[in-house]
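Quick look at structure25.cif (mmCIF, C-alpha atoms):
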```
data_coords
#
loop_
_atom_site.label_atom_id
_atom_site.label_comp_id
_atom_site.auth_asym_id
_atom_site.auth_seq_id
_atom_site.Cartn_x
_atom_site.Cartn_y
_atom_site.Cartn_z
CA MET A 1 83.50 127.81 114.12
CA LYS A 2 86.19 125.21 114.74
CA ARG A 3 87.80 123.49 111.76
CA SER A 4 86.72 120.03 112.96
CA LYS A 5 83.13 121.25 113.23
CA ARG A 6 83.29 122.57 109.67
CA TRP A 7 84.55 119.20 108.45
CA GLN A 8 81.75 117.44 110.31
CA ILE A 9 79.19 119.59 108.51
CA ILE A 10 80.81 118.93 105.13
CA LEU A 11 80.97 115.18 105.78
CA LYS A 12 77.35 115.14 106.88
CA PHE A 13 76.29 116.56 103.53
CA ALA A 14 78.74 114.41 101.58
CA ARG A 15 77.87 111.06 103.19
CA PRO A 16 74.95 110.19 100.86
CA TYR A 17 77.26 110.64 97.86
CA LYS A 18 80.06 108.28 98.84
CA ILE A 19 80.02 106.39 95.55
CA THR A 20 79.86 109.57 93.51
CA PHE A 21 82.78 110.91 95.52
CA LEU A 22 84.76 107.77 94.83
CA THR A 23 84.01 107.85 91.11
CA LEU A 24 84.94 111.50 90.86
CA PHE A 25 88.14 110.93 92.82
CA ILE A 26 89.24 107.96 90.69
CA CYS A 27 88.54 109.97 87.51
CA ILE A 28 90.55 112.97 88.69
CA ILE A 29 93.50 110.89 89.91
CA THR A 30 93.62 108.77 86.76
CA THR A 31 93.33 111.68 84.33
CA SER A 32 96.09 113.48 86.22
CA PHE A 33 98.27 110.40 86.02
CA ILE A 34 97.62 109.98 82.29
CA GLY A 35 98.46 113.66 81.82
CA MET A 36 101.86 112.93 83.31
CA LEU A 37 102.56 110.11 80.88
CA TYR A 38 102.35 112.26 77.73
CA PRO A 39 105.75 113.95 78.17
CA TYR A 40 107.30 110.56 78.92
CA ILE A 41 105.86 109.05 75.74
CA PHE A 42 106.95 112.10 73.78
CA GLY A 43 110.46 111.64 75.18
CA LEU A 44 110.44 108.01 74.02
CA LEU A 45 109.31 109.14 70.58
CA ILE A 46 112.17 111.64 70.31
CA ASP A 47 114.74 109.11 71.55
CA GLU A 48 113.69 106.23 69.35
CA VAL A 49 112.33 107.78 66.19
CA PHE A 50 114.33 110.98 65.74
CA TYR A 51 117.51 110.07 67.54
CA HIS A 52 117.94 106.37 66.81
CA LYS A 53 115.98 106.45 63.52
CA ASN A 54 113.85 103.55 64.73
CA ILE A 55 110.87 104.14 62.44
CA ASP A 56 109.05 100.94 63.48
CA PHE A 57 108.73 102.39 66.94
CA PHE A 58 106.81 105.38 65.58
CA LYS A 59 103.75 103.26 64.83
CA VAL A 60 103.76 101.78 68.34
CA ILE A 61 104.13 105.17 69.97
CA VAL A 62 101.30 106.68 67.92
CA ILE A 63 98.94 103.78 68.76
CA SER A 64 99.86 103.96 72.45
CA TYR A 65 99.32 107.72 72.43
CA CYS A 66 95.90 107.30 70.80
CA ILE A 67 94.83 104.68 73.35
CA LEU A 68 95.91 106.88 76.24
CA TYR A 69 94.20 109.91 74.73
CA LEU A 70 90.99 107.96 74.17
CA GLY A 71 91.05 106.59 77.72
CA GLU A 72 91.66 110.04 79.12
CA GLN A 73 88.86 111.62 77.13
CA LEU A 74 86.41 108.88 78.17
CA LEU A 75 87.36 109.46 81.79
CA HIS A 76 86.88 113.20 81.31
CA LEU A 77 83.44 112.49 79.89
CA VAL A 78 82.49 110.42 82.94
CA LEU A 79 84.10 113.02 85.21
CA ASN A 80 81.95 115.78 83.75
CA TYR A 81 78.79 113.69 84.07
CA VAL A 82 79.53 112.78 87.65
CA ALA A 83 80.62 116.30 88.58
CA ALA A 84 77.40 117.76 87.16
CA TYR A 85 75.28 115.20 89.00
CA PHE A 86 77.20 115.67 92.21
CA ALA A 87 77.18 119.48 92.07
CA THR A 88 73.43 119.64 91.42
CA ARG A 89 72.35 117.21 94.14
CA PHE A 90 74.91 118.26 96.70
CA ASN A 91 74.28 121.98 96.27
CA PHE A 92 70.54 121.39 96.35
CA ASP A 93 70.86 119.64 99.72
CA ILE A 94 72.83 122.54 101.15
CA LYS A 95 70.45 125.16 99.76
CA ARG A 96 67.47 123.28 101.15
CA LYS A 97 69.11 123.08 104.57
CA LEU A 98 69.94 126.78 104.48
CA TYR A 99 66.38 127.63 103.56
CA GLU A 100 65.08 125.53 106.44
CA LYS A 101 67.40 127.39 108.79
CA ILE A 102 66.18 130.75 107.52
CA LEU A 103 62.57 129.73 108.01
CA LYS A 104 63.31 128.87 111.62
CA MET A 105 65.11 132.15 112.38
CA LYS A 106 63.74 134.54 114.96
CA ALA A 107 61.53 137.36 113.67
CA GLY A 108 63.81 140.03 115.13
CA TYR A 109 66.79 138.69 113.26
CA LEU A 110 64.80 138.33 110.05
CA ASN A 111 63.65 141.94 110.40
CA ASP A 112 67.24 143.24 110.42
CA ILE A 113 68.55 140.87 107.82
CA GLN A 114 69.72 142.16 104.41
CA THR A 115 67.68 140.42 101.72
CA GLY A 116 70.29 140.60 98.95
CA ASN A 117 72.98 139.23 101.22
CA LEU A 118 70.76 136.33 102.20
CA ILE A 119 70.00 135.53 98.56
CA THR A 120 73.71 135.56 97.77
CA VAL A 121 74.32 133.16 100.66
CA ILE A 122 71.68 130.74 99.36
CA ASN A 123 72.50 131.03 95.68
CA SER A 124 76.22 131.52 95.54
CA ASP A 125 77.97 130.95 98.88
CA SER A 126 76.30 127.57 99.35
CA GLU A 127 78.10 126.31 96.24
CA GLN A 128 81.50 127.04 97.74
CA ILE A 129 81.49 123.75 99.68
CA TYR A 130 81.26 121.79 96.45
CA GLU A 131 83.92 123.97 94.89
CA PHE A 132 86.12 123.34 97.93
CA ILE A 133 85.72 119.56 97.74
CA HIS A 134 86.17 119.42 93.98
CA TRP A 135 89.14 121.74 93.61
CA ASN A 136 90.82 121.89 97.00
CA VAL A 137 90.46 118.30 98.16
CA PHE A 138 90.39 116.18 95.00
CA TYR A 139 92.69 118.22 92.80
CA LEU A 140 95.08 118.80 95.70
CA ALA A 141 95.37 115.01 96.12
CA ALA A 142 95.92 114.66 92.36
CA ASN A 143 98.61 117.34 92.40
CA VAL A 144 100.37 115.71 95.36
CA LEU A 145 100.43 112.46 93.37
CA ARG A 146 101.81 114.30 90.35
CA LEU A 147 104.48 115.86 92.51
CA LEU A 148 105.55 112.50 93.97
CA LEU A 149 105.70 110.90 90.53
CA SER A 150 107.64 113.87 89.17
CA ILE A 151 110.17 113.44 91.98
CA VAL A 152 110.57 109.76 91.07
CA PHE A 153 110.98 110.56 87.35
CA VAL A 154 113.52 113.31 88.05
CA ALA A 155 115.38 111.04 90.49
CA LEU A 156 115.76 108.45 87.73
CA ILE A 157 117.32 111.09 85.50
CA ASN A 158 119.42 112.96 88.04
CA VAL A 159 119.52 112.70 91.84
CA LYS A 160 120.93 116.21 92.29
CA LEU A 161 118.03 117.67 90.32
CA MET A 162 115.63 115.69 92.49
CA LEU A 163 117.20 117.14 95.65
CA LEU A 164 116.95 120.64 94.21
CA MET A 165 113.30 119.96 93.43
CA ILE A 166 112.62 118.82 96.99
CA VAL A 167 114.17 122.05 98.29
CA VAL A 168 112.27 124.28 95.88
CA VAL A 169 108.82 122.72 96.36
CA PRO A 170 108.31 123.80 100.02
CA VAL A 171 109.39 127.34 99.08
CA SER A 172 106.81 127.35 96.31
CA VAL A 173 104.13 126.03 98.71
CA TYR A 174 105.03 128.68 101.29
CA VAL A 175 104.84 131.48 98.71
CA SER A 176 101.47 130.16 97.48
CA ARG A 177 100.11 130.01 101.02
CA HIS A 178 101.35 133.52 101.75
CA PHE A 179 99.65 135.00 98.71
CA GLY A 180 96.65 132.75 99.31
CA LYS A 181 96.09 134.44 102.67
CA ILE A 182 96.25 137.88 101.07
CA VAL A 183 93.81 136.83 98.36
CA LYS A 184 91.50 135.30 100.96
CA GLU A 185 91.32 138.60 102.86
CA LYS A 186 90.61 140.48 99.66
CA VAL A 187 87.92 138.03 98.60
CA LYS A 188 86.29 138.33 102.01
CA LEU A 189 86.30 142.12 101.74
CA TYR A 190 84.79 141.94 98.27
CA ARG A 191 82.17 139.45 99.44
CA ASP A 192 81.12 141.74 102.34
CA GLN A 193 80.82 144.73 100.05
CA TYR A 194 78.95 142.73 97.45
CA GLY A 195 76.47 141.56 100.10
CA LYS A 196 75.73 145.17 101.04
CA TYR A 197 75.52 146.23 97.40
CA ILE A 198 73.11 143.49 96.37
CA SER A 199 70.93 144.17 99.42
CA TRP A 200 70.75 147.82 98.41
CA VAL A 201 69.80 146.82 94.85
CA PHE A 202 66.95 144.66 96.15
CA GLU A 203 65.68 147.44 98.39
CA ILE A 204 65.76 149.94 95.53
CA LEU A 205 63.98 147.54 93.17
CA LYS A 206 61.33 146.91 95.81
CA GLY A 207 60.80 150.64 96.30
CA MET A 208 61.13 151.70 92.68
CA ARG A 209 57.65 153.28 92.74
CA GLU A 210 58.73 155.63 95.55
CA VAL A 211 61.93 156.43 93.68
CA GLN A 212 59.88 157.53 90.66
CA LEU A 213 57.37 159.33 92.85
CA PHE A 214 60.05 161.46 94.45
CA GLY A 215 61.88 161.92 91.15
CA VAL A 216 65.24 160.73 92.42
CA GLU A 217 66.04 158.39 89.53
CA ARG A 218 69.19 160.32 88.59
CA HIS A 219 70.44 160.26 92.14
CA VAL A 220 69.78 156.50 92.45
CA THR A 221 71.34 155.77 89.05
CA ARG A 222 74.43 157.81 89.94
CA TYR A 223 74.75 155.97 93.20
CA PHE A 224 74.25 152.61 91.46
CA VAL A 225 77.02 153.37 88.96
CA LYS A 226 79.29 154.56 91.76
CA GLN A 227 78.83 151.29 93.64
CA CYS A 228 79.34 149.16 90.55
CA ALA A 229 82.55 151.02 89.74
CA SER A 230 83.75 150.64 93.31
CA LEU A 231 83.03 146.91 93.21
CA VAL A 232 84.92 146.53 89.95
CA ARG A 233 87.88 148.40 91.40
CA LEU A 234 87.71 146.31 94.56
CA LYS A 235 87.60 143.11 92.58
CA ARG A 236 90.51 144.18 90.43
CA SER A 237 92.78 145.47 93.10
CA GLY A 238 91.34 144.06 96.30
CA GLY A 239 92.65 147.18 98.03
CA LEU A 240 90.99 148.77 101.06
CA HIS A 241 91.21 152.22 99.46
CA TYR A 242 88.15 151.54 97.32
CA ARG A 243 85.87 150.52 100.14
CA ILE A 244 82.31 151.43 99.26
CA GLU A 245 80.63 153.96 101.49
CA PHE A 246 77.01 152.99 101.84
CA GLU A 247 74.41 155.52 102.66
CA ASP A 248 72.29 154.89 105.70
CA MET B 249 53.21 124.15 104.61
CA VAL B 250 54.80 121.05 103.14
CA PRO B 251 57.87 120.05 105.17
CA LEU B 252 60.98 120.61 103.09
CA LYS B 253 62.27 117.11 103.76
CA LYS B 254 59.29 115.74 101.87
CA ILE B 255 60.08 117.81 98.80
CA LYS B 256 61.99 115.84 96.20
CA LEU B 257 64.39 117.44 93.80
CA GLY B 258 61.84 116.73 91.09
CA PHE B 259 64.31 115.96 88.33
CA GLU B 260 67.39 113.93 87.70
CA ILE B 261 70.33 115.34 85.88
CA SER B 262 70.88 111.96 84.26
CA THR B 263 67.96 109.82 83.32
CA SER B 264 69.19 107.25 80.85
CA LEU B 265 70.70 103.93 81.88
CA HIS B 266 74.03 104.94 80.47
CA ASP B 267 74.22 108.24 82.32
CA PHE B 268 72.61 107.44 85.61
CA ALA B 269 72.88 103.76 86.40
CA VAL B 270 76.36 103.25 85.08
CA THR B 271 78.38 106.39 85.56
CA VAL B 272 76.76 107.92 88.60
CA LYS B 273 75.55 105.08 90.75
CA SER B 274 78.76 103.10 90.63
CA PRO B 275 82.32 103.57 89.42
CA VAL B 276 82.16 100.43 87.24
CA ILE B 277 82.47 102.29 83.95
CA VAL B 278 85.49 104.20 85.26
CA LEU B 279 87.20 100.99 86.32
CA LEU B 280 86.34 99.46 82.95
CA ILE B 281 87.91 102.35 81.06
CA ILE B 282 91.03 102.18 83.22
CA ALA B 283 91.29 98.40 82.81
CA LEU B 284 90.78 98.62 79.04
CA THR B 285 93.37 101.37 78.60
CA THR B 286 95.93 99.63 80.81
CA SER B 287 95.47 96.22 79.20
CA SER B 288 95.72 97.71 75.69
CA LEU B 289 98.97 99.46 76.58
CA LEU B 290 100.31 96.33 78.23
CA TYR B 291 99.41 94.28 75.16
CA ILE B 292 101.22 96.72 72.88
CA SER B 293 104.31 96.88 75.06
CA CYS B 294 104.45 93.09 75.41
CA THR B 295 104.04 92.26 71.72
CA ASN B 296 106.13 94.96 70.07
CA TYR B 297 109.88 95.16 70.02
CA THR B 298 112.35 97.96 70.21
CA SER B 299 116.12 98.24 70.30
CA ILE B 300 118.50 98.74 73.16
CA TYR B 301 121.78 100.52 72.70
CA LEU B 302 125.16 100.22 74.28
CA LYS B 303 126.98 103.45 75.01
CA ALA B 304 130.74 103.78 75.15
CA ASP B 305 133.37 106.51 74.91
CA GLY B 306 136.60 106.35 72.93
CA THR B 307 139.29 108.32 71.16
CA VAL B 308 139.63 108.62 67.41
CA GLN B 309 142.78 106.95 66.13
CA SER B 310 144.09 106.85 62.58
CA ASP B 311 145.81 104.37 60.37
CA SER B 312 148.41 106.80 58.96
CA ILE B 313 149.27 104.91 55.77
CA GLN B 314 145.65 104.48 54.79
CA LYS B 315 144.72 108.00 55.84
CA ASP B 316 147.34 109.56 53.57
CA ARG B 317 146.02 107.63 50.65
CA THR B 318 142.23 107.61 51.01
CA LYS B 319 141.42 110.13 53.72
CA ASP B 320 139.69 107.26 55.44
CA GLY B 321 141.00 104.92 58.07
CA SER B 322 139.94 106.66 61.28
CA TYR B 323 138.70 104.30 63.90
CA VAL B 324 137.75 104.03 67.55
CA ARG B 325 138.52 101.05 69.71
CA ILE B 326 136.21 100.40 72.62
CA ASN B 327 135.93 97.71 75.24
CA VAL B 328 132.52 96.33 76.19
CA ASP B 329 131.32 93.64 78.54
CA LYS B 330 131.58 90.10 77.19
CA ARG B 331 127.90 89.44 77.83
CA TYR B 332 127.19 91.35 74.60
CA ALA B 333 129.22 88.85 72.58
CA GLY B 334 126.22 87.17 70.95
CA ALA B 335 124.30 90.39 70.47
CA LEU B 336 126.87 92.24 68.36
CA ASP B 337 128.10 91.53 64.87
CA LYS B 338 129.64 93.48 62.01
CA GLN B 339 126.20 94.48 60.73
CA SER B 340 125.18 96.10 64.04
CA PRO B 341 124.47 99.79 63.41
CA VAL B 342 126.70 102.30 65.19
CA ILE B 343 126.15 105.99 65.78
CA TRP B 344 128.93 108.26 66.97
CA TYR B 345 129.17 111.89 68.03
CA CYS B 346 131.52 114.25 69.83
CA ASP B 347 129.04 116.60 71.42
CA LYS B 348 125.95 115.19 73.12
CA ASN B 349 123.84 117.88 71.49
CA GLY B 350 125.82 117.88 68.27
CA ARG B 351 125.59 116.06 64.98
CA ARG B 352 125.37 112.24 64.75
CA TYR B 353 127.36 110.13 62.28
CA GLU B 354 127.22 106.51 61.24
CA GLY B 355 130.08 104.12 61.92
CA HIS B 356 130.77 100.50 61.01
CA ILE B 357 132.09 97.67 63.11
CA ASP B 358 135.34 96.41 61.62
CA SER B 359 136.27 93.72 64.11
CA ILE B 360 135.12 92.18 67.37
CA LEU B 361 137.87 90.47 69.37
CA THR B 362 137.95 88.93 72.80
CA ASN B 363 140.50 90.58 75.07
CA ALA B 364 143.26 88.63 76.74
CA ASP B 365 141.57 88.81 80.14
CA ASN B 366 138.60 86.97 78.53
CA SER B 367 136.11 89.21 80.32
CA SER B 368 135.60 91.91 77.70
CA LEU B 369 135.34 92.46 73.99
CA SER B 370 137.46 94.85 71.99
CA ILE B 371 135.47 96.42 69.19
CA LYS B 372 137.01 98.42 66.40
CA VAL B 373 134.60 100.89 64.82
CA LEU B 374 135.51 102.52 61.53
CA LEU B 375 134.59 106.16 61.08
CA SER B 376 134.40 108.15 57.88
CA GLY B 377 137.41 110.41 57.53
CA ALA B 378 135.27 113.18 56.09
CA ASP B 379 133.02 113.06 59.14
CA VAL B 380 135.96 113.06 61.52
CA GLU B 381 137.35 116.19 59.86
CA LYS B 382 134.10 118.02 60.51
CA GLU B 383 134.54 117.59 64.25
CA HIS B 384 137.21 119.32 66.30
CA SER B 385 137.40 116.84 69.14
CA LYS B 386 139.07 113.44 69.07
CA ASN B 387 137.01 112.18 72.00
CA VAL B 388 133.84 110.55 70.75
CA SER B 389 130.85 108.76 72.18
CA LEU B 390 129.40 105.70 70.47
CA GLU B 391 126.03 104.02 70.57
CA LEU B 392 125.85 100.44 69.31
CA LEU B 393 122.58 98.67 68.62
CA VAL B 394 122.80 95.62 70.85
CA LYS B 395 119.57 93.74 70.39
CA LYS B 396 115.83 94.01 70.04
CA VAL B 397 113.73 93.57 73.17
CA ARG B 398 110.09 93.84 74.08
CA ILE B 399 109.04 97.41 74.88
CA ILE B 400 107.98 96.39 78.38
CA ASP B 401 111.47 94.99 79.01
CA LYS B 402 113.06 98.10 77.60
CA LEU B 403 110.97 100.31 79.88
CA SER B 404 111.91 98.29 82.93
CA MET B 405 115.63 98.29 82.11
CA LYS B 406 115.81 101.82 80.68
CA ALA B 407 117.30 103.39 83.78
CA VAL B 408 119.90 100.62 84.07
CA GLU B 409 120.96 100.64 80.42
CA GLU B 410 121.38 104.37 80.20
#
```

What would the structure in this file look like if it were written as structure tokens?
Amino acid sequence: MKRSKRWQIILKFARPYKITFLTLFICIITTSFIGMLYPYIFGLLIDEVFYHKNIDFFKVIVISYCILYLGEQLLHLVLNYVAAYFATRFNFDIKRKLYEKILKMKAGYLNDIQTGNLITVINSDSEQIYEFIHWNVFYLAANVLRLLLSIVFVALINVKLMLLMIVVVPVSVYVSRHFGKIVKEKVKLYRDQYGKYISWVFEILKGMREVQLFGVERHVTRYFVKQCASLVRLKRSGGLHYRIEFED
Amino acid sequence: MVPLKKIKLGFEISTSLHDFAVTVKSPVIVLLIIALTTSSLLYISCTNYTSIYLKADGTVQSDSIQKDRTKDGSYVRINVDKRYAGALDKQSPVIWYCDKNGRRYEGHIDSILTNADNSSLSIKVLLSGADVEKEHSKNVSLELLVKKVRIIDKLSMKAVEE
């Protein structure tokens, strides 16, 4: 699927929540900005109170700090409310749409489909869009703002340091992207294996009577433990060496 | 079968006026919090005062006759812009140090004279002889309290002053 198509789908689901989006975005940006002011205020405190012995300034700094802290916490409170509301409604819309799609699928496809995998798609994968918007879009914007402000602050202190910062930041972004790709591959591998594992679990639970009838509980338990261990190893290392071999 | 589009969520995560109508339906409360915080900070920074300092470098000199007798008499003479003429007097606190990260000492303004060129002031700052002996360098930096200004003014001129 093309990237523009993906964005269209996301926007289609997000459109009814424009105001919520806006509120959430303002909260995230403002709390990030306030977070940046603390070191600056602390610097003022050190300069004035400890260095210049200006004790009167201490009272002002403490009151300012309290106001900022209170404002930030109130915004966090609203942020959490809005995020909870947004996540619930938004994810519900996506899950409902997914369910509608499944109901309209062809019988042949439904016959071959892995139940556990499908449940994971509805329950867990559907929430990734919200996670993407919340963390990747909003917090990325907030971090870009923080970066720009940091550059301005550093430039006021020392221009050479600011230039060094500008050189280092793209390197840091490149390294993050490089490792991000590796992690993405590993997560995809884990997700595929988990889909197969959970499908197997559902099948076994559905046919538990047969398992008991044939007396293969030990065999099934051993296999279950083996898969769990493999998944844990896969999650921890992400390596291809621990790929789970599923029985036909 | 009931069409899925007809099925409502069946519950609201926020039901009270405070939760739902204010925080979720519109960003009014967020804007209110931001406005309140900003205006409070602005009020504080516009009504409270802080000090601004003048920085200058100089070399420790000694009055030899006085030094032999009292171990005091070390001083630093610095030149500052004449625009500080009204802001400085003999009671203005002075801090001096040799190393930026080192120990700070108090000094006292002995005299403030206008230089011959009439564009700068010559300030003589007395240092304690005992303090001078603790330091190995003769090159010192001084910080003179110039005047008190509103915090908002200080913040806007901070980069220039320093």

Hey, could you make a per-residue contact list for segment 85-143 of chain A against segment 11-29 of chain A with 12 Å as the cut-off, showing the nearest pair of atoms and its distance in Å to one decimal, counting only C-alpha atoms, sorted by chain and number, as a tab-separated table?
```
residue	atom	partner	partner_atom	distance
A:Tyr85	CA	A:Thr20	CA	8.5
A:Phe86	CA	A:Thr20	CA	6.8
A:Ala87	CA	A:Thr20	CA	10.4
A:Thr88	CA	A:Tyr17	CA	11.7
A:Arg89	CA	A:Tyr17	CA	9.0
A:Phe90	CA	A:Phe13	CA	7.2
A:Asn91	CA	A:Phe13	CA	9.3
A:Phe92	CA	A:Phe13	CA	10.4
A:Asp93	CA	A:Phe13	CA	7.3
A:Ile94	CA	A:Phe13	CA	7.3
A:Lys95	CA	A:Phe13	CA	11.1
A:Arg96	CA	A:Phe13	CA	11.3
A:Lys97	CA	A:Phe13	CA	9.8
A:Ser126	CA	A:Phe13	CA	11.8
A:Ile129	CA	A:Phe13	CA	9.7
A:Tyr130	CA	A:Ala14	CA	9.3
A:Ile133	CA	A:Phe21	CA	9.4
A:His134	CA	A:Leu24	CA	8.6
A:Trp135	CA	A:Ile28	CA	10.2
A:Val137	CA	A:Phe25	CA	9.4
A:Phe138	CA	A:Phe25	CA	6.1
A:Tyr139	CA	A:Ile28	CA	7.0
A:Leu140	CA	A:Ile29	CA	9.9
A:Ala141	CA	A:Ile29	CA	7.7
A:Ala142	CA	A:Ile29	CA	5.1
A:Asn143	CA	A:Ile29	CA	8.6
```

Selected residues, C-alpha atoms, written as an mmCIF file, keeping the file's coordinate frame, please.
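Contents of the output file out.cif:
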```cif
data_model
loop_
_atom_site.group_PDB
_atom_site.id
_atom_site.type_symbol
_atom_site.label_atom_id
_atom_site.label_comp_id
_atom_site.auth_asym_id
_atom_site.auth_seq_id
_atom_site.Cartn_x
_atom_site.Cartn_y
_atom_site.Cartn_z
ATOM 1 C CA TYR A 85 75.280 115.200 89.000
ATOM 2 C CA PHE A 86 77.200 115.670 92.210
ATOM 3 C CA ALA A 87 77.180 119.480 92.070
ATOM 4 C CA THR A 88 73.430 119.640 91.420
ATOM 5 C CA ARG A 89 72.350 117.210 94.140
ATOM 6 C CA PHE A 90 74.910 118.260 96.700
ATOM 7 C CA ASN A 91 74.280 121.980 96.270
ATOM 8 C CA PHE A 92 70.540 121.390 96.350
ATOM 9 C CA ASP A 93 70.860 119.640 99.720
ATOM 10 C CA ILE A 94 72.830 122.540 101.150
ATOM 11 C CA LYS A 95 70.450 125.160 99.760
ATOM 12 C CA ARG A 96 67.470 123.280 101.150
ATOM 13 C CA LYS A 97 69.110 123.080 104.570
ATOM 14 C CA SER A 126 76.300 127.570 99.350
ATOM 15 C CA ILE A 129 81.490 123.750 99.680
ATOM 16 C CA TYR A 130 81.260 121.790 96.450
ATOM 17 C CA ILE A 133 85.720 119.560 97.740
ATOM 18 C CA HIS A 134 86.170 119.420 93.980
ATOM 19 C CA TRP A 135 89.140 121.740 93.610
ATOM 20 C CA VAL A 137 90.460 118.300 98.160
ATOM 21 C CA PHE A 138 90.390 116.180 95.000
ATOM 22 C CA TYR A 139 92.690 118.220 92.800
ATOM 23 C CA LEU A 140 95.080 118.800 95.700
ATOM 24 C CA ALA A 141 95.370 115.010 96.120
ATOM 25 C CA ALA A 142 95.920 114.660 92.360
ATOM 26 C CA ASN A 143 98.610 117.340 92.400
#
```

Please evaluate the PyMOL selection byres ((chain A and resi 192-196) around 10) against the displayed coordinates and give the resulting residues as an MDAnalysis selection string. chainID A and resid 114:121 186:191 197:201 227:228 230:231 234:235 243:246

Within 8 Å of Val278 of chain B, counting all atoms listed in the file, which residues show up once you throw out same-chain ones fewer than 2 positions away? Write them as a count of residues only, please. 11

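The gap separating atom CA of Tyr323 of chain B from atom CA of Thr307 of chain B is 8.3 Å, in Å to one decimal.
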
Do you know which residues are at most 7 Å from Thr298 of chain B counting only C-alpha atoms, after dropping those on the same chain fewer than 2 positions away, and could you put them as a list of chain:residue names?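 Contacts, in chain order: A:Phe57, B:Asn296, B:Ile300, B:Lys396, B:Val397, B:Arg398, B:Ile399.
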
Just-selected residues, C-alpha atoms written as a short mmCIF file (atom, residue, chain, number, x, y, z; two decimals), keeping the file's coordinate frame:
```cif
data_model
loop_
_atom_site.label_atom_id
_atom_site.label_comp_id
_atom_site.auth_asym_id
_atom_site.auth_seq_id
_atom_site.Cartn_x
_atom_site.Cartn_y
_atom_site.Cartn_z
CA PHE A 57 108.73 102.39 66.94
CA ASN B 296 106.13 94.96 70.07
CA ILE B 300 118.50 98.74 73.16
CA LYS B 396 115.83 94.01 70.04
CA VAL B 397 113.73 93.57 73.17
CA ARG B 398 110.09 93.84 74.08
CA ILE B 399 109.04 97.41 74.88
#
```

Ground truth for the PyMOL selection byres ((chain A and resi 38) around 12), written as a CSV table (one decimal) with C-alpha atoms, keeping the file's coordinate frame:
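Below you can see selection-v8.csv, which holds the result:
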```csv
chain,number,residue,atom,x,y,z
A,31,THR,CA,93.3,111.7,84.3
A,32,SER,CA,96.1,113.5,86.2
A,33,PHE,CA,98.3,110.4,86.0
A,34,ILE,CA,97.6,110.0,82.3
A,35,GLY,CA,98.5,113.7,81.8
A,36,MET,CA,101.9,112.9,83.3
A,37,LEU,CA,102.6,110.1,80.9
A,39,PRO,CA,105.8,114.0,78.2
A,40,TYR,CA,107.3,110.6,78.9
A,41,ILE,CA,105.9,109.0,75.7
A,42,PHE,CA,107.0,112.1,73.8
A,43,GLY,CA,110.5,111.6,75.2
A,44,LEU,CA,110.4,108.0,74.0
A,45,LEU,CA,109.3,109.1,70.6
A,61,ILE,CA,104.1,105.2,70.0
A,62,VAL,CA,101.3,106.7,67.9
A,64,SER,CA,99.9,104.0,72.4
A,65,TYR,CA,99.3,107.7,72.4
A,66,CYS,CA,95.9,107.3,70.8
A,67,ILE,CA,94.8,104.7,73.4
A,68,LEU,CA,95.9,106.9,76.2
A,69,TYR,CA,94.2,109.9,74.7
A,72,GLU,CA,91.7,110.0,79.1
```

From the set B:Thr285, B:Lys382, B:Ser370, B:Asn387, which residue has the shortest atom-to-atom contact distance to chain A, counting only C-alpha atoms?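 Comparing B:Thr285, B:Lys382, B:Ser370, B:Asn387 against chain A, the winner is B:Thr285.
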
Translate the PyMOL selection byres ((chain B and resi 392) around 10), as applied to the file shown, into an explicit residue set as a short mmCIF file (atom, residue, chain, number, x, y, z; two decimals) with C-alpha atoms, keeping the file's coordinate frame.
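As a result, part_13.cif now contains:
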```
data_model
loop_
_atom_site.label_atom_id
_atom_site.label_comp_id
_atom_site.auth_asym_id
_atom_site.auth_seq_id
_atom_site.Cartn_x
_atom_site.Cartn_y
_atom_site.Cartn_z
CA ILE B 300 118.50 98.74 73.16
CA TYR B 301 121.78 100.52 72.70
CA LEU B 302 125.16 100.22 74.28
CA LYS B 303 126.98 103.45 75.01
CA ALA B 304 130.74 103.78 75.15
CA LEU B 336 126.87 92.24 68.36
CA SER B 340 125.18 96.10 64.04
CA PRO B 341 124.47 99.79 63.41
CA VAL B 342 126.70 102.30 65.19
CA ILE B 343 126.15 105.99 65.78
CA TRP B 344 128.93 108.26 66.97
CA GLY B 355 130.08 104.12 61.92
CA HIS B 356 130.77 100.50 61.01
CA ILE B 357 132.09 97.67 63.11
CA VAL B 373 134.60 100.89 64.82
CA LEU B 390 129.40 105.70 70.47
CA GLU B 391 126.03 104.02 70.57
CA LEU B 393 122.58 98.67 68.62
CA VAL B 394 122.80 95.62 70.85
CA LYS B 395 119.57 93.74 70.39
#
```

Could you please determine the separation between atom CA of Ile360 of chain B and atom CA of Ser389 of chain B in Å, to one decimal place? 17.8 Å

For atom CA of Asn123 of chain A and atom CA of Met105 of chain A, determine how far apart the two atoms are, in Å to one decimal place.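 Value for the atom CA of Asn123 of chain A-atom CA of Met105 of chain A distance: 18.3 Å.
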
Using all atoms listed in the file, which protein or nucleic acid residues come within 9 Å of Cys346 of chain B? Drop anything in the same chain fewer than 5 positions from it, and give the result as a VMD selection string. chain B and resid 351 to 352 383 to 390

Which of these residues is nearest to chain B, using all atoms listed in the file: A:Arg6, A:Arg177, A:Lys160, A:His76?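 Answer, going by the shortest atom-to-atom distance: A:His76.
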
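With all atoms listed in the file as the atoms that count, the residue of B:Asp358, B:Tyr345, B:Lys372, B:Ile326 with the shortest distance to chain A is B:Tyr345.
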
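Counting all atoms listed in the file, the residue from A:Lys5, A:Ile166, A:Leu161, A:Phe224 that sits nearest to Phe202 of chain A is A:Phe224.
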
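Each of A:Glu48, A:Asp125, A:Glu210, A:Glu131 was compared to chain B using only C-alpha atoms, and A:Glu48 turns out to be the nearest.
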